[in-house]
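A short write-up of the structure that comes next.
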Amino acid sequence: MRQNGKTPDMAHDIASEISPKPGDRVEGLSTPRPIIDEDRLAGNIARVQSYMDAHGLNFRPHIKTHKIPALARAQVAAGAKGINCQKITEAEAFADAGFEDILITFNILGAEKLVRLSALNDRISGLKVVADSTVTVDGLSAWFAERKPLTVLVECDTGGARCGVQTPEQAAALGKHIAGKPGLVFGGLMSYPKPNNAAATQAFLAESVALLKNQGIECPIVSNGGTPSLFEAHLVTAATEHRAGTYIYNDRSMVRAGHCREEDCAMHILATVVSRPTEDRAVIDAGSKALTSDLLGFADFGQVVEYPEAVIKGLSEEHGVIDLSNCTGARPQIGDKIRIIPNHTCVVSNLFDQMVFHRDGVVTRVEDVAARGLVW
């Protein structure tokens, strides 16, 4: 079989020749492509771990941001306690890489998922999940009653308005329900609050812990979360640990939130200008399949590092359209490569098979995105 006039072996050889490798200059890479600054990455890991250590909080990084075992190992080596995954398949990939202490922060329902969850629970020593209803809890208990017990935390809605029980009384009641169900072990509480909501989060969690204690039920883990809330984690004194993901790369939304500076953003999307149809318009080879269409409240689709006045105003699948009308100085020309800080870095990780890492513009390594597409 021939592909574009080439045999499959020839196509593979050509792909190998153009694949990034250590020592390459990033400006010579084929685009669009995410590139990760090693020094910024290491600085972000160290900064957050130092903060957690200073406040006596366990830290559990959320790996959905990067989906790369090598980065999770770096986070754990810096002092993190276990990891946070969002889905079973994601957790399986990290169990394959040797991780044992994994918290899955998602309601798990259905026989197909429970089969895989019990197999994962048999493989590793520290698996934990969450639930926010008796329906989910009873489903877990029915499956695990004759199997290795599963640790379950109660998910609490402390203002994030996503999943979670709505009151401390409901948290205590569900915790008691878990503690009394065969096959399950009550593990504590978990919350993903809205940003800048530490006081309400503390009040909810502290009251929940007290209500459980009054019933003779200990609460080993109280897991608070979120990169936007990261540096107010010490204000939630009821929590025993904090979870965060985006901080390792950071992105445009984190700069806007005041969580970091632009120079703390480790991920850039490298793109090439492929057309200049008008004086005020540039078109790049990075569209929604590279930058994502996730606006996160912005009116445009990323920040162009070299041309901060440029506006990425529209995306189709493979094209990005940039409005240059506000640029007062030089403007990009056809063939120029630009770097873009994405609005939301976590989504970008799920769009590419590999991440290219560099230091001062020289490729240091290439890592497979091991958990790419593992979303169930």
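Letters A, B, ... mark the chains of the structure tokens in the order given; residue numbers begin at 1 per chain; ligand numbers begin at 1, in order shown.
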DSSP on the backbone, alpha helix (DSSP H) only: what residues of region 172-256 of chain A does that give? Format it as a ChimeraX atom specification.
/A:172-179,198-214,252-256
List every residue of region 211-245 of chain A that has an atom at most 12 Å from any atom of region 259-279 of chain A, giving for each one its closest atom pair and the distance in Å to one decimal, counting only C-alpha atoms, sorted by chain and then by ascending residue number, as a Markdown table.
| residue | atom | partner | partner_atom | distance |
| --- | --- | --- | --- | --- |
| A:Gly226 | CA | A:His259 | CA | 11.2 |
| A:Thr227 | CA | A:His259 | CA | 7.9 |
| A:Pro228 | CA | A:His259 | CA | 6.6 |
| A:Ser229 | CA | A:His259 | CA | 8.6 |
| A:Leu230 | CA | A:His259 | CA | 8.1 |
| A:Phe231 | CA | A:His259 | CA | 7.8 |
| A:Glu232 | CA | A:His259 | CA | 10.5 |
Residues at most 12 Å from Ala119 (chain A), counting only C-alpha atoms, excluding those fewer than 3 positions away in the same chain, as a list in words?
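Listing them by chain and then by number gives Ile88, Thr89, Ala91, Glu92, Ala95, Glu112, Lys113, Leu114, Val115, Arg116, Asp122, Arg123, Ile124, Ser125, Leu127, Trp143, Phe144, Arg147, Lys148, Pro149 and Leu150 of chain A.
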Can you write out the residues you just picked, keeping N, CA and C atoms, as an mmCIF file, in the first residue's frame?
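The new file out.cif reads:
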data_model
loop_
_atom_site.group_PDB
_atom_site.id
_atom_site.type_symbol
_atom_site.label_atom_id
_atom_site.label_comp_id
_atom_site.auth_asym_id
_atom_site.auth_seq_id
_atom_site.Cartn_x
_atom_site.Cartn_y
_atom_site.Cartn_z
ATOM 1 N N ILE A 88 -10.998 6.938 35.083
ATOM 2 C CA ILE A 88 -10.374 5.639 35.343
ATOM 3 C C ILE A 88 -9.252 5.363 34.345
ATOM 4 N N THR A 89 -9.490 5.613 33.062
ATOM 5 C CA THR A 89 -8.474 5.303 32.062
ATOM 6 C C THR A 89 -7.209 6.122 32.287
ATOM 7 N N ALA A 91 -6.176 7.134 35.229
ATOM 8 C CA ALA A 91 -5.524 6.499 36.382
ATOM 9 C C ALA A 91 -4.829 5.206 35.984
ATOM 10 N N GLU A 92 -5.420 4.451 35.066
ATOM 11 C CA GLU A 92 -4.784 3.214 34.601
ATOM 12 C C GLU A 92 -3.429 3.504 33.968
ATOM 13 N N ALA A 95 -1.046 4.187 36.735
ATOM 14 C CA ALA A 95 -0.740 2.951 37.452
ATOM 15 C C ALA A 95 0.266 2.130 36.649
ATOM 16 N N GLU A 112 -19.429 -1.349 33.311
ATOM 17 C CA GLU A 112 -18.175 -1.354 32.554
ATOM 18 C C GLU A 112 -17.073 -0.621 33.309
ATOM 19 N N LYS A 113 -17.425 0.524 33.877
ATOM 20 C CA LYS A 113 -16.428 1.279 34.624
ATOM 21 C C LYS A 113 -16.064 0.578 35.931
ATOM 22 N N LEU A 114 -17.041 -0.048 36.576
ATOM 23 C CA LEU A 114 -16.770 -0.717 37.850
ATOM 24 C C LEU A 114 -15.853 -1.925 37.668
ATOM 25 N N VAL A 115 -15.976 -2.618 36.550
ATOM 26 C CA VAL A 115 -15.052 -3.722 36.251
ATOM 27 C C VAL A 115 -13.621 -3.195 36.214
ATOM 28 N N ARG A 116 -13.417 -2.100 35.509
ATOM 29 C CA ARG A 116 -12.064 -1.551 35.379
ATOM 30 C C ARG A 116 -11.597 -0.953 36.696
ATOM 31 N N ASP A 122 -7.278 -3.576 42.588
ATOM 32 C CA ASP A 122 -6.487 -4.778 42.895
ATOM 33 C C ASP A 122 -5.002 -4.566 42.601
ATOM 34 N N ARG A 123 -4.712 -3.682 41.632
ATOM 35 C CA ARG A 123 -3.329 -3.486 41.185
ATOM 36 C C ARG A 123 -2.529 -2.577 42.086
ATOM 37 N N ILE A 124 -3.160 -1.547 42.651
ATOM 38 C CA ILE A 124 -2.399 -0.543 43.396
ATOM 39 C C ILE A 124 -2.896 -0.461 44.837
ATOM 40 N N SER A 125 -2.081 0.120 45.684
ATOM 41 C CA SER A 125 -2.368 0.093 47.120
ATOM 42 C C SER A 125 -3.143 1.296 47.618
ATOM 43 N N LEU A 127 -5.652 3.471 45.945
ATOM 44 C CA LEU A 127 -6.706 4.046 45.112
ATOM 45 C C LEU A 127 -7.825 4.614 45.977
ATOM 46 N N TRP A 143 -20.729 -3.583 44.003
ATOM 47 C CA TRP A 143 -19.653 -4.202 43.223
ATOM 48 C C TRP A 143 -18.488 -4.643 44.104
ATOM 49 N N PHE A 144 -18.175 -3.860 45.119
ATOM 50 C CA PHE A 144 -16.966 -4.129 45.908
ATOM 51 C C PHE A 144 -17.231 -4.955 47.165
ATOM 52 N N ARG A 147 -15.142 -7.906 47.114
ATOM 53 C CA ARG A 147 -13.822 -7.666 46.540
ATOM 54 C C ARG A 147 -12.965 -6.870 47.521
ATOM 55 N N LYS A 148 -11.746 -6.573 47.117
ATOM 56 C CA LYS A 148 -10.877 -5.726 47.925
ATOM 57 C C LYS A 148 -11.594 -4.406 48.189
ATOM 58 N N PRO A 149 -11.674 -3.958 49.456
ATOM 59 C CA PRO A 149 -12.424 -2.733 49.778
ATOM 60 C C PRO A 149 -11.868 -1.515 49.053
ATOM 61 N N LEU A 150 -12.787 -0.602 48.741
ATOM 62 C CA LEU A 150 -12.456 0.633 48.030
ATOM 63 C C LEU A 150 -12.657 1.823 48.962
#
Show me, as a ChimeraX atom specification, the residues that have an atom within 9 Å of Leu57 (chain A) when counting only C-alpha atoms, minus same-chain residues fewer than 5 positions from it.
/A:51-52,233-234,239-242
Grab the residues selected above and save them as a CSV table (one decimal), in the first residue's frame with C-alpha atoms.
chain,number,residue,atom,x,y,z
A,51,TYR,CA,4.3,26.9,49.6
A,52,MET,CA,2.6,23.7,50.5
A,233,ALA,CA,-5.0,27.0,50.5
A,234,HIS,CA,-3.5,27.8,53.9
A,239,ALA,CA,-8.0,20.6,54.8
A,240,THR,CA,-5.2,18.1,55.0
A,241,GLU,CA,-4.2,18.3,51.3
A,242,HIS,CA,-4.6,20.6,48.3
Enter the distance from CA of Arg281 (chain A) to CA of Glu309 (chain A), in Å, rounded to one decimal.
12.8 Å
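Among A:Ile63, A:Ala77, A:Gln303, A:Met355, the residue with the shortest atom-to-atom distance to Ile102 (chain A), counting only C-alpha atoms, is A:Ile63.
Nearest to Gln166 (chain A) of all the residues A:Phe186, A:Tyr247, A:Phe204, A:Tyr192 is A:Phe204, based on only C-alpha atoms.
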Nearest residue to Gly180 (chain A) from the set A:Glu207, A:Glu146, A:Asp138, A:Asp368 (distances using only C-alpha atoms)
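Among A:Glu207, A:Glu146, A:Asp138, A:Asp368, it is A:Asp138 that comes nearest to Gly180 (chain A).
Closest approach to Gly361 (chain A) among A:Ala210, A:Leu315, A:Val222, A:Ile35: A:Ile35, based on only C-alpha atoms.
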With DSSP run on the backbone, what are the strand (DSSP E or B) residues within region 27-238 of chain A? I'd like them as number ranges by chain.
A: 33-37, 58-62, 83-85, 101-104, 126-131, 150-156, 165, 184-191, 221-225
Please measure the separation of CA of Ala72 (chain A) and CA of Pro34 (chain A), giving the value in Å to one decimal.
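These two atoms are separated by 18.3 Å.
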Would you kindly return, as a VMD selection string, each protein, DNA or RNA residue with an atom no farther than 12 Å from any atom of Ala330 (chain A), considering only C-alpha atoms and excluding same-chain residues fewer than 4 positions away?
chain A and resid 279 to 280 306 to 310 324 to 326
Give me a file of those residues, with C-alpha atoms, as a PDB file, in the first residue's frame.
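Dumped everything to result_0.pdb:
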ATOM      1  CA  GLU A 279      -2.148  44.522   5.942  1.00  0.00           C
ATOM      2  CA  ASP A 280      -4.166  43.937   9.099  1.00  0.00           C
ATOM      3  CA  GLU A 306       6.110  38.526  20.144  1.00  0.00           C
ATOM      4  CA  TYR A 307       3.189  40.799  19.199  1.00  0.00           C
ATOM      5  CA  PRO A 308       1.181  41.497  22.364  1.00  0.00           C
ATOM      6  CA  GLU A 309      -1.144  43.927  20.555  1.00  0.00           C
ATOM      7  CA  ALA A 310      -2.174  41.260  18.039  1.00  0.00           C
ATOM      8  CA  LEU A 324      -2.951  43.082  13.487  1.00  0.00           C
ATOM      9  CA  SER A 325      -4.742  46.441  13.325  1.00  0.00           C
ATOM     10  CA  ASN A 326      -3.628  47.433  16.837  1.00  0.00           C
TER      11      ASN A 326
END
A:Ala371, A:Ala111, A:Val366, A:Ile104 ranked by distance to Gly139 (chain A), top pick (using only C-alpha atoms):
A:Ala111
At a cut-off of 8 Å, using only C-alpha atoms, what residues contact region 44-49 of chain A? Leave out same-chain residues fewer than 2 positions from it and give the result as a list in words.
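Contacts, in chain order: Arg40, Leu41, Ala42, Tyr51, Met52, Asp53, Phe59, Gln75, Ala78, Gly79, Ala80, Tyr247, Ile248, Tyr249 and Asp264 of chain A.
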Now that the selection is made, can you save its residues with C-alpha atoms as an mmCIF file, in the first residue's frame?
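Listing of result08.cif after writing:
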data_model
loop_
_atom_site.group_PDB
_atom_site.id
_atom_site.type_symbol
_atom_site.label_atom_id
_atom_site.label_comp_id
_atom_site.auth_asym_id
_atom_site.auth_seq_id
_atom_site.Cartn_x
_atom_site.Cartn_y
_atom_site.Cartn_z
ATOM 1 C CA ARG A 40 9.805 27.600 33.932
ATOM 2 C CA LEU A 41 8.365 24.126 34.464
ATOM 3 C CA ALA A 42 10.845 23.353 37.255
ATOM 4 C CA TYR A 51 4.304 26.944 49.561
ATOM 5 C CA MET A 52 2.582 23.692 50.549
ATOM 6 C CA ASP A 53 5.537 22.586 52.654
ATOM 7 C CA PHE A 59 0.006 18.373 47.923
ATOM 8 C CA GLN A 75 6.116 16.539 41.104
ATOM 9 C CA ALA A 78 9.642 17.520 44.762
ATOM 10 C CA GLY A 79 7.442 16.403 47.661
ATOM 11 C CA ALA A 80 3.928 15.823 46.338
ATOM 12 C CA TYR A 247 0.099 25.505 37.912
ATOM 13 C CA ILE A 248 2.755 23.233 36.387
ATOM 14 C CA TYR A 249 2.443 24.932 32.971
ATOM 15 C CA ASP A 264 5.819 31.780 34.531
#
